[in-house]
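Engineer: Pasting a structure below so you can have a look.
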Amino acid sequence: MENETRQEEIIRVAAKLFKEKGYSAVTMRDLATTMNMKAASLYNHISSKQEILEKIIMRIARKFSVGMTAVKSSNDSCIVKLKKIIALHVEVSSQNIYGMAALNHDWMHLEAQLGPYKKLRSDYENDFKEILKEGIAAGEISPIKPDVMMFSILTTLRSLYLWIPKKEVIHLEELTNNLSKILINGIIKEN
């Protein structure tokens, strides 16, 4: 990747290995071999496998958190906010295919950052539910349990990293629009 530091390259390659083998199965030696360098040389750029996992997961979690804060604080309708959340997931997932695998499957291996990660995730989900509750109160969406709506929508959005690489050509705007129609039309309140 252009203008990528050695540390960024190590993190990118590690994220790919974590997706392919799982965090627990990847060793620093595996990473060094993949990078064509000695294992000891890795430590000039990164202190541990745990640090790599933290950087991968927390960077993505912060992107989602910042995006959600912007969406929630807007004066948009619930439907527009939901469309923006879908766009946020499409954008972040498409830019972080390997990192999303770590975020979804390896977060429980976090050590020092487990508490902060869980708080970011909880805050994100609480904001999401609040948007849904506002939409119900405004009569924009059906009075379905917000937990169920959020779970249904996020299950699809959290799986994008699996689906996107299987497509030869992907138009992110078209994907965002199609997902918005599919995921939101099912909860729009009928008159």
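FYI, nothing fancy with the structure tokens labels: chains A, B, ... in order, residues from 1 per chain, ligands from 1 as they appear.
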Can you tell me, as a PyMOL selection string, what residues are no more than 8 Å from Ile85 (chain A) when counting only C-alpha atoms, ignoring any on the same chain fewer than 3 positions away?

Structural biologist: chain A and resi 67-68+71+81-82+88-89

Engineer: From a DSSP pass on the backbone, collect the residues of region 119-169 of chain A flagged as alpha helix (DSSP H) and hand them back as JSON, numbers by chain.

Structural biologist: {"A": [119, 120, 121, 122, 123, 124, 125, 126, 127, 128, 129, 130, 131, 132, 133, 134, 135, 136, 137, 146, 147, 148, 149, 150, 151, 152, 153, 154, 155, 156, 157, 160, 161, 162, 163]}

Engineer: Would you mind exporting the chosen residues as a tab-separated table (two decimals), in the first residue's frame, restricted to N, CA, C and O atoms?

Structural biologist:
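Okay, this is what ended up in result-v1.tsv:
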chain	number	residue	atom	x	y	z
A	119	LYS	N	-17.41	-0.81	26.06
A	119	LYS	CA	-18.14	0.46	26.26
A	119	LYS	C	-18.49	1.09	24.92
A	119	LYS	O	-19.62	1.54	24.72
A	120	LEU	N	-17.55	1.12	23.98
A	120	LEU	CA	-17.83	1.67	22.65
A	120	LEU	C	-18.97	0.89	21.99
A	120	LEU	O	-19.88	1.49	21.41
A	121	ARG	N	-18.92	-0.42	22.08
A	121	ARG	CA	-19.94	-1.26	21.46
A	121	ARG	C	-21.30	-1.05	22.12
A	121	ARG	O	-22.32	-0.91	21.44
A	122	SER	N	-21.32	-1.01	23.43
A	122	SER	CA	-22.56	-0.80	24.17
A	122	SER	C	-23.16	0.57	23.86
A	122	SER	O	-24.37	0.70	23.63
A	123	ASP	N	-22.32	1.60	23.85
A	123	ASP	CA	-22.79	2.96	23.53
A	123	ASP	C	-23.37	3.00	22.12
A	123	ASP	O	-24.41	3.62	21.88
A	124	TYR	N	-22.69	2.34	21.18
A	124	TYR	CA	-23.15	2.30	19.79
A	124	TYR	C	-24.53	1.65	19.73
A	124	TYR	O	-25.46	2.17	19.11
A	125	GLU	N	-24.67	0.50	20.36
A	125	GLU	CA	-25.95	-0.22	20.33
A	125	GLU	C	-27.04	0.56	21.04
A	125	GLU	O	-28.20	0.59	20.59
A	126	ASN	N	-26.72	1.22	22.14
A	126	ASN	CA	-27.71	2.05	22.84
A	126	ASN	C	-28.16	3.23	21.99
A	126	ASN	O	-29.35	3.56	21.95
A	127	ASP	N	-27.22	3.85	21.29
A	127	ASP	CA	-27.58	4.95	20.38
A	127	ASP	C	-28.47	4.44	19.24
A	127	ASP	O	-29.44	5.09	18.86
A	128	PHE	N	-28.14	3.27	18.73
A	128	PHE	CA	-28.93	2.66	17.65
A	128	PHE	C	-30.37	2.43	18.14
A	128	PHE	O	-31.34	2.81	17.47
A	129	LYS	N	-30.50	1.84	19.32
A	129	LYS	CA	-31.84	1.58	19.88
A	129	LYS	C	-32.59	2.87	20.13
A	129	LYS	O	-33.80	2.94	19.92
A	130	GLU	N	-31.88	3.90	20.55
A	130	GLU	CA	-32.52	5.20	20.81
A	130	GLU	C	-33.08	5.79	19.52
A	130	GLU	O	-34.19	6.34	19.51
A	131	ILE	N	-32.34	5.67	18.44
A	131	ILE	CA	-32.82	6.13	17.13
A	131	ILE	C	-34.08	5.37	16.76
A	131	ILE	O	-35.07	5.95	16.28
A	132	LEU	N	-34.08	4.06	16.98
A	132	LEU	CA	-35.26	3.25	16.67
A	132	LEU	C	-36.45	3.66	17.54
A	132	LEU	O	-37.58	3.78	17.06
A	133	LYS	N	-36.22	3.90	18.83
A	133	LYS	CA	-37.29	4.33	19.73
A	133	LYS	C	-37.87	5.67	19.29
A	133	LYS	O	-39.09	5.88	19.34
A	134	GLU	N	-36.99	6.58	18.86
A	134	GLU	CA	-37.45	7.88	18.36
A	134	GLU	C	-38.30	7.69	17.11
A	134	GLU	O	-39.31	8.37	16.93
A	135	GLY	N	-37.90	6.76	16.26
A	135	GLY	CA	-38.66	6.48	15.05
A	135	GLY	C	-40.03	5.90	15.36
A	135	GLY	O	-41.02	6.22	14.70
A	136	ILE	N	-40.11	5.05	16.37
A	136	ILE	CA	-41.39	4.49	16.80
A	136	ILE	C	-42.28	5.61	17.35
A	136	ILE	O	-43.45	5.74	16.99
A	137	ALA	N	-41.70	6.43	18.23
A	137	ALA	CA	-42.45	7.53	18.85
A	137	ALA	C	-42.96	8.53	17.80
A	137	ALA	O	-44.06	9.07	17.94
A	146	PRO	N	-37.26	-2.52	19.78
A	146	PRO	CA	-36.01	-1.97	19.23
A	146	PRO	C	-34.86	-2.97	19.26
A	146	PRO	O	-34.04	-2.99	18.34
A	147	ASP	N	-34.79	-3.81	20.31
A	147	ASP	CA	-33.71	-4.81	20.38
A	147	ASP	C	-33.76	-5.76	19.19
A	147	ASP	O	-32.73	-6.11	18.62
A	148	VAL	N	-34.97	-6.18	18.83
A	148	VAL	CA	-35.14	-7.13	17.72
A	148	VAL	C	-34.79	-6.46	16.40
A	148	VAL	O	-34.09	-7.04	15.56
A	149	MET	N	-35.26	-5.21	16.22
A	149	MET	CA	-34.92	-4.49	14.98
A	149	MET	C	-33.41	-4.29	14.87
A	149	MET	O	-32.83	-4.55	13.81
A	150	MET	N	-32.79	-3.84	15.96
A	150	MET	CA	-31.36	-3.58	15.93
A	150	MET	C	-30.60	-4.88	15.64
A	150	MET	O	-29.70	-4.89	14.80
A	151	PHE	N	-30.96	-5.95	16.32
A	151	PHE	CA	-30.29	-7.23	16.10
A	151	PHE	C	-30.41	-7.66	14.64
A	151	PHE	O	-29.43	-8.08	14.02
A	152	SER	N	-31.60	-7.54	14.07
A	152	SER	CA	-31.82	-7.96	12.68
A	152	SER	C	-30.99	-7.15	11.71
A	152	SER	O	-30.36	-7.69	10.80
A	153	ILE	N	-30.98	-5.85	11.90
A	153	ILE	CA	-30.23	-4.97	11.00
A	153	ILE	C	-28.72	-5.17	11.18
A	153	ILE	O	-27.98	-5.34	10.20
A	154	LEU	N	-28.26	-5.17	12.43
A	154	LEU	CA	-26.82	-5.30	12.66
A	154	LEU	C	-26.27	-6.67	12.27
A	154	LEU	O	-25.12	-6.77	11.85
A	155	THR	N	-27.07	-7.71	12.37
A	155	THR	CA	-26.60	-9.03	11.95
A	155	THR	C	-26.23	-9.00	10.47
A	155	THR	O	-25.18	-9.53	10.07
A	156	THR	N	-27.04	-8.37	9.68
A	156	THR	CA	-26.74	-8.24	8.25
A	156	THR	C	-25.52	-7.35	8.03
A	156	THR	O	-24.59	-7.71	7.31
A	157	LEU	N	-25.51	-6.19	8.68
A	157	LEU	CA	-24.42	-5.24	8.45
A	157	LEU	C	-23.07	-5.76	8.95
A	157	LEU	O	-22.04	-5.50	8.33
A	160	LEU	N	-21.19	-7.99	6.33
A	160	LEU	CA	-20.78	-7.45	5.03
A	160	LEU	C	-19.35	-7.84	4.65
A	160	LEU	O	-19.06	-8.07	3.48
A	161	TYR	N	-18.46	-7.92	5.63
A	161	TYR	CA	-17.07	-8.23	5.34
A	161	TYR	C	-16.92	-9.63	4.72
A	161	TYR	O	-15.93	-9.90	4.04
A	162	LEU	N	-17.90	-10.50	4.94
A	162	LEU	CA	-17.87	-11.83	4.33
A	162	LEU	C	-18.37	-11.79	2.89
A	162	LEU	O	-17.89	-12.53	2.04
A	163	TRP	N	-19.33	-10.95	2.64
A	163	TRP	CA	-20.02	-10.92	1.35
A	163	TRP	C	-19.30	-10.04	0.33
A	163	TRP	O	-19.16	-10.43	-0.83

Engineer: Nearest residue to Gly115 (chain A) out of A:Asn44, A:Met58, A:Leu175, A:Ile188, using only C-alpha atoms?

Structural biologist: A:Met58

Engineer: Excluding His109 (chain A) and residues on its chain fewer than 6 positions from it, collect all residues at most 9 Å away from it, counting only C-alpha atoms, and give them as a list of chain:residue names.

Structural biologist: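 The filter keeps A:Tyr23, A:Ser24, A:Gln50, A:Leu53.
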
Engineer: Given the selection you just returned, output its residues as a file containing all heavy atoms, formatted as a PDB file, in the first residue's frame.

Structural biologist:
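Generated output (selection17.pdb):
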ATOM      1  N   TYR A  23      -7.272 -15.404  15.337  1.00  0.00           N
ATOM      2  CA  TYR A  23      -6.264 -14.726  16.160  1.00  0.00           C
ATOM      3  C   TYR A  23      -5.422 -15.705  16.970  1.00  0.00           C
ATOM      4  O   TYR A  23      -4.197 -15.610  16.997  1.00  0.00           O
ATOM      5  CB  TYR A  23      -6.955 -13.712  17.086  1.00  0.00           C
ATOM      6  CG  TYR A  23      -6.044 -13.088  18.100  1.00  0.00           C
ATOM      7  CD1 TYR A  23      -5.167 -12.083  17.728  1.00  0.00           C
ATOM      8  CD2 TYR A  23      -6.044 -13.511  19.427  1.00  0.00           C
ATOM      9  CE1 TYR A  23      -4.313 -11.505  18.662  1.00  0.00           C
ATOM     10  CE2 TYR A  23      -5.196 -12.950  20.363  1.00  0.00           C
ATOM     11  CZ  TYR A  23      -4.331 -11.947  19.976  1.00  0.00           C
ATOM     12  OH  TYR A  23      -3.482 -11.379  20.896  1.00  0.00           O
ATOM     13  N   SER A  24      -6.074 -16.636  17.636  1.00  0.00           N
ATOM     14  CA  SER A  24      -5.363 -17.557  18.533  1.00  0.00           C
ATOM     15  C   SER A  24      -4.352 -18.430  17.800  1.00  0.00           C
ATOM     16  O   SER A  24      -3.324 -18.798  18.375  1.00  0.00           O
ATOM     17  CB  SER A  24      -6.360 -18.456  19.272  1.00  0.00           C
ATOM     18  OG  SER A  24      -7.186 -17.669  20.093  1.00  0.00           O
ATOM     19  N   GLN A  50      -0.978  -8.872  20.831  1.00  0.00           N
ATOM     20  CA  GLN A  50      -2.089  -8.210  21.507  1.00  0.00           C
ATOM     21  C   GLN A  50      -2.196  -6.743  21.067  1.00  0.00           C
ATOM     22  O   GLN A  50      -3.283  -6.246  20.814  1.00  0.00           O
ATOM     23  CB  GLN A  50      -1.914  -8.302  23.028  1.00  0.00           C
ATOM     24  CG  GLN A  50      -3.004  -7.636  23.828  1.00  0.00           C
ATOM     25  CD  GLN A  50      -4.385  -8.235  23.667  1.00  0.00           C
ATOM     26  OE1 GLN A  50      -5.371  -7.541  23.812  1.00  0.00           O
ATOM     27  NE2 GLN A  50      -4.483  -9.522  23.354  1.00  0.00           N
ATOM     28  N   LEU A  53      -3.829  -6.645  17.682  1.00  0.00           N
ATOM     29  CA  LEU A  53      -5.281  -6.859  17.777  1.00  0.00           C
ATOM     30  C   LEU A  53      -5.978  -5.604  18.300  1.00  0.00           C
ATOM     31  O   LEU A  53      -7.014  -5.200  17.769  1.00  0.00           O
ATOM     32  CB  LEU A  53      -5.582  -8.053  18.687  1.00  0.00           C
ATOM     33  CG  LEU A  53      -7.057  -8.442  18.778  1.00  0.00           C
ATOM     34  CD1 LEU A  53      -7.557  -8.979  17.429  1.00  0.00           C
ATOM     35  CD2 LEU A  53      -7.259  -9.485  19.883  1.00  0.00           C
TER      36      LEU A  53
END

Engineer: Which of these residues is nearest to Cys78 (chain A), using only C-alpha atoms: A:Ala15, A:Ile182, A:Ser159, A:Glu140?

Structural biologist: A:Glu140

Engineer: Could you check the closest approach to Thr176 (chain A) for each of A:Ser65, A:Ser94, A:Gln113, A:Asn104 and tell me which residue wins, using only C-alpha atoms?

Structural biologist: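 Counting only C-alpha atoms, the residue closest to Thr176 (chain A) is A:Ser94.
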
Engineer: Which of these, A:Met35, A:Leu110, A:Ala138, A:Ala87, has the shortest distance to Glu174 (chain A) once you count only C-alpha atoms?

Structural biologist: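 Comparing A:Met35, A:Leu110, A:Ala138, A:Ala87 against Glu174 (chain A), the winner is A:Ala87.
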
Engineer: Nearest to Ala14 (chain A) among A:Lys145, A:Arg62, A:Lys55, A:Lys38, with distances taken over only C-alpha atoms: which residue is it?

Structural biologist: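 Closest residue, counting only C-alpha atoms: A:Lys55.
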
Engineer: Using only C-alpha atoms, which of A:Lys84, A:His45, A:Lys181, A:Lys16 sits nearest Phe64 (chain A)?

Structural biologist: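 Checking each candidate against Phe64 (chain A), we get A:Lys84 as the closest.
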
Engineer: Between CA of Arg6 (chain A) and CA of Glu20 (chain A), what is the distance in Å, rounded to a tenth?

Structural biologist: 21.1 Å

Engineer: What's the 12 Å shell around Ile11 (chain A), counting only C-alpha atoms, without same-chain residues fewer than 4 positions away, as a VMD selection string?

Structural biologist: chain A and resid 4 to 7 15 to 18 28 31 to 32 35 42 45 to 57 59 96 98 to 99 102

Engineer: Got time to write the residues from that selection, N, CA, C and O atoms, as a short mmCIF file (atom, residue, chain, number, x, y, z; two decimals), in the first residue's frame?

Structural biologist:
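The new file selection_0.cif reads:
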data_model
loop_
_atom_site.label_atom_id
_atom_site.label_comp_id
_atom_site.auth_asym_id
_atom_site.auth_seq_id
_atom_site.Cartn_x
_atom_site.Cartn_y
_atom_site.Cartn_z
N GLU A 4 2.39 3.64 3.21
CA GLU A 4 2.08 2.87 4.40
C GLU A 4 3.35 2.70 5.23
O GLU A 4 4.40 2.34 4.69
N THR A 5 3.28 2.96 6.53
CA THR A 5 4.44 2.73 7.40
C THR A 5 4.62 1.23 7.58
O THR A 5 3.71 0.45 7.30
N ARG A 6 5.77 0.84 8.07
CA ARG A 6 6.03 -0.58 8.29
C ARG A 6 5.06 -1.13 9.34
O ARG A 6 4.56 -2.23 9.20
N GLN A 7 4.78 -0.34 10.37
CA GLN A 7 3.83 -0.77 11.39
C GLN A 7 2.44 -0.97 10.79
O GLN A 7 1.76 -1.96 11.08
N ALA A 15 -4.02 -8.58 10.21
CA ALA A 15 -5.49 -8.65 10.13
C ALA A 15 -5.91 -9.71 9.12
O ALA A 15 -6.86 -10.48 9.37
N LYS A 16 -5.20 -9.79 8.01
CA LYS A 16 -5.51 -10.80 7.00
C LYS A 16 -5.26 -12.21 7.57
O LYS A 16 -6.08 -13.11 7.40
N LEU A 17 -4.14 -12.39 8.25
CA LEU A 17 -3.83 -13.69 8.85
C LEU A 17 -4.85 -14.05 9.93
O LEU A 17 -5.28 -15.20 10.03
N PHE A 18 -5.26 -13.06 10.74
CA PHE A 18 -6.25 -13.33 11.78
C PHE A 18 -7.56 -13.79 11.15
O PHE A 18 -8.22 -14.69 11.66
N MET A 28 3.54 -14.74 16.13
CA MET A 28 4.38 -13.65 15.61
C MET A 28 5.33 -14.21 14.55
O MET A 28 5.66 -13.53 13.60
N LEU A 31 3.50 -14.31 11.30
CA LEU A 31 3.43 -12.96 10.76
C LEU A 31 4.76 -12.56 10.14
O LEU A 31 4.80 -12.04 9.01
N ALA A 32 5.85 -12.83 10.84
CA ALA A 32 7.19 -12.49 10.32
C ALA A 32 7.47 -13.24 9.02
O ALA A 32 7.97 -12.65 8.05
N MET A 35 5.67 -11.75 6.21
CA MET A 35 6.23 -10.44 5.86
C MET A 35 7.67 -10.54 5.35
O MET A 35 8.29 -9.51 5.09
N LEU A 42 10.08 -7.79 13.96
CA LEU A 42 8.72 -7.29 14.16
C LEU A 42 8.65 -6.38 15.38
O LEU A 42 7.92 -5.39 15.39
N HIS A 45 8.77 -2.64 15.52
CA HIS A 45 7.62 -1.88 15.04
C HIS A 45 6.36 -2.06 15.89
O HIS A 45 5.47 -1.23 15.88
N ILE A 46 6.31 -3.17 16.61
CA ILE A 46 5.10 -3.51 17.36
C ILE A 46 5.53 -4.31 18.59
O ILE A 46 6.46 -5.10 18.51
N SER A 47 4.86 -4.13 19.70
CA SER A 47 5.32 -4.79 20.93
C SER A 47 4.80 -6.21 21.10
O SER A 47 5.45 -7.03 21.75
N SER A 48 3.61 -6.50 20.53
CA SER A 48 3.04 -7.83 20.75
C SER A 48 1.88 -8.08 19.79
O SER A 48 1.35 -7.15 19.16
N LYS A 49 1.47 -9.32 19.72
CA LYS A 49 0.30 -9.68 18.93
C LYS A 49 -0.94 -9.00 19.51
O LYS A 49 -1.82 -8.56 18.78
N GLN A 50 -0.98 -8.87 20.83
CA GLN A 50 -2.09 -8.21 21.51
C GLN A 50 -2.20 -6.74 21.07
O GLN A 50 -3.28 -6.25 20.81
N GLU A 51 -1.06 -6.08 20.96
CA GLU A 51 -1.07 -4.68 20.51
C GLU A 51 -1.64 -4.57 19.09
O GLU A 51 -2.41 -3.65 18.79
N ILE A 52 -1.29 -5.52 18.24
CA ILE A 52 -1.83 -5.53 16.87
C ILE A 52 -3.34 -5.67 16.91
O ILE A 52 -4.06 -4.91 16.26
N LEU A 53 -3.83 -6.64 17.68
CA LEU A 53 -5.28 -6.86 17.78
C LEU A 53 -5.98 -5.60 18.30
O LEU A 53 -7.01 -5.20 17.77
N GLU A 54 -5.40 -4.99 19.33
CA GLU A 54 -5.98 -3.77 19.88
C GLU A 54 -6.06 -2.67 18.83
O GLU A 54 -7.09 -2.00 18.71
N LYS A 55 -4.99 -2.49 18.08
CA LYS A 55 -4.99 -1.43 17.06
C LYS A 55 -6.03 -1.70 15.98
O LYS A 55 -6.73 -0.79 15.55
N ILE A 56 -6.15 -2.95 15.56
CA ILE A 56 -7.13 -3.30 14.53
C ILE A 56 -8.55 -3.02 15.03
O ILE A 56 -9.32 -2.31 14.40
N ILE A 57 -8.87 -3.59 16.17
CA ILE A 57 -10.25 -3.52 16.67
C ILE A 57 -10.63 -2.12 17.13
O ILE A 57 -11.70 -1.62 16.79
N ARG A 59 -9.39 0.80 16.33
CA ARG A 59 -9.47 1.77 15.23
C ARG A 59 -10.83 1.69 14.55
O ARG A 59 -11.48 2.69 14.31
N ASN A 96 -12.26 -2.17 5.44
CA ASN A 96 -11.60 -2.95 6.50
C ASN A 96 -12.07 -4.39 6.50
O ASN A 96 -12.47 -4.92 7.54
N TYR A 98 -10.58 -7.31 6.38
CA TYR A 98 -9.90 -8.21 7.32
C TYR A 98 -10.08 -7.76 8.76
O TYR A 98 -10.28 -8.58 9.65
N GLY A 99 -10.03 -6.48 8.98
CA GLY A 99 -10.21 -5.96 10.34
C GLY A 99 -11.59 -6.24 10.89
O GLY A 99 -11.76 -6.47 12.08
N ALA A 102 -11.73 -9.52 12.63
CA ALA A 102 -11.19 -9.45 14.00
C ALA A 102 -12.20 -8.78 14.93
O ALA A 102 -12.42 -9.25 16.05
#
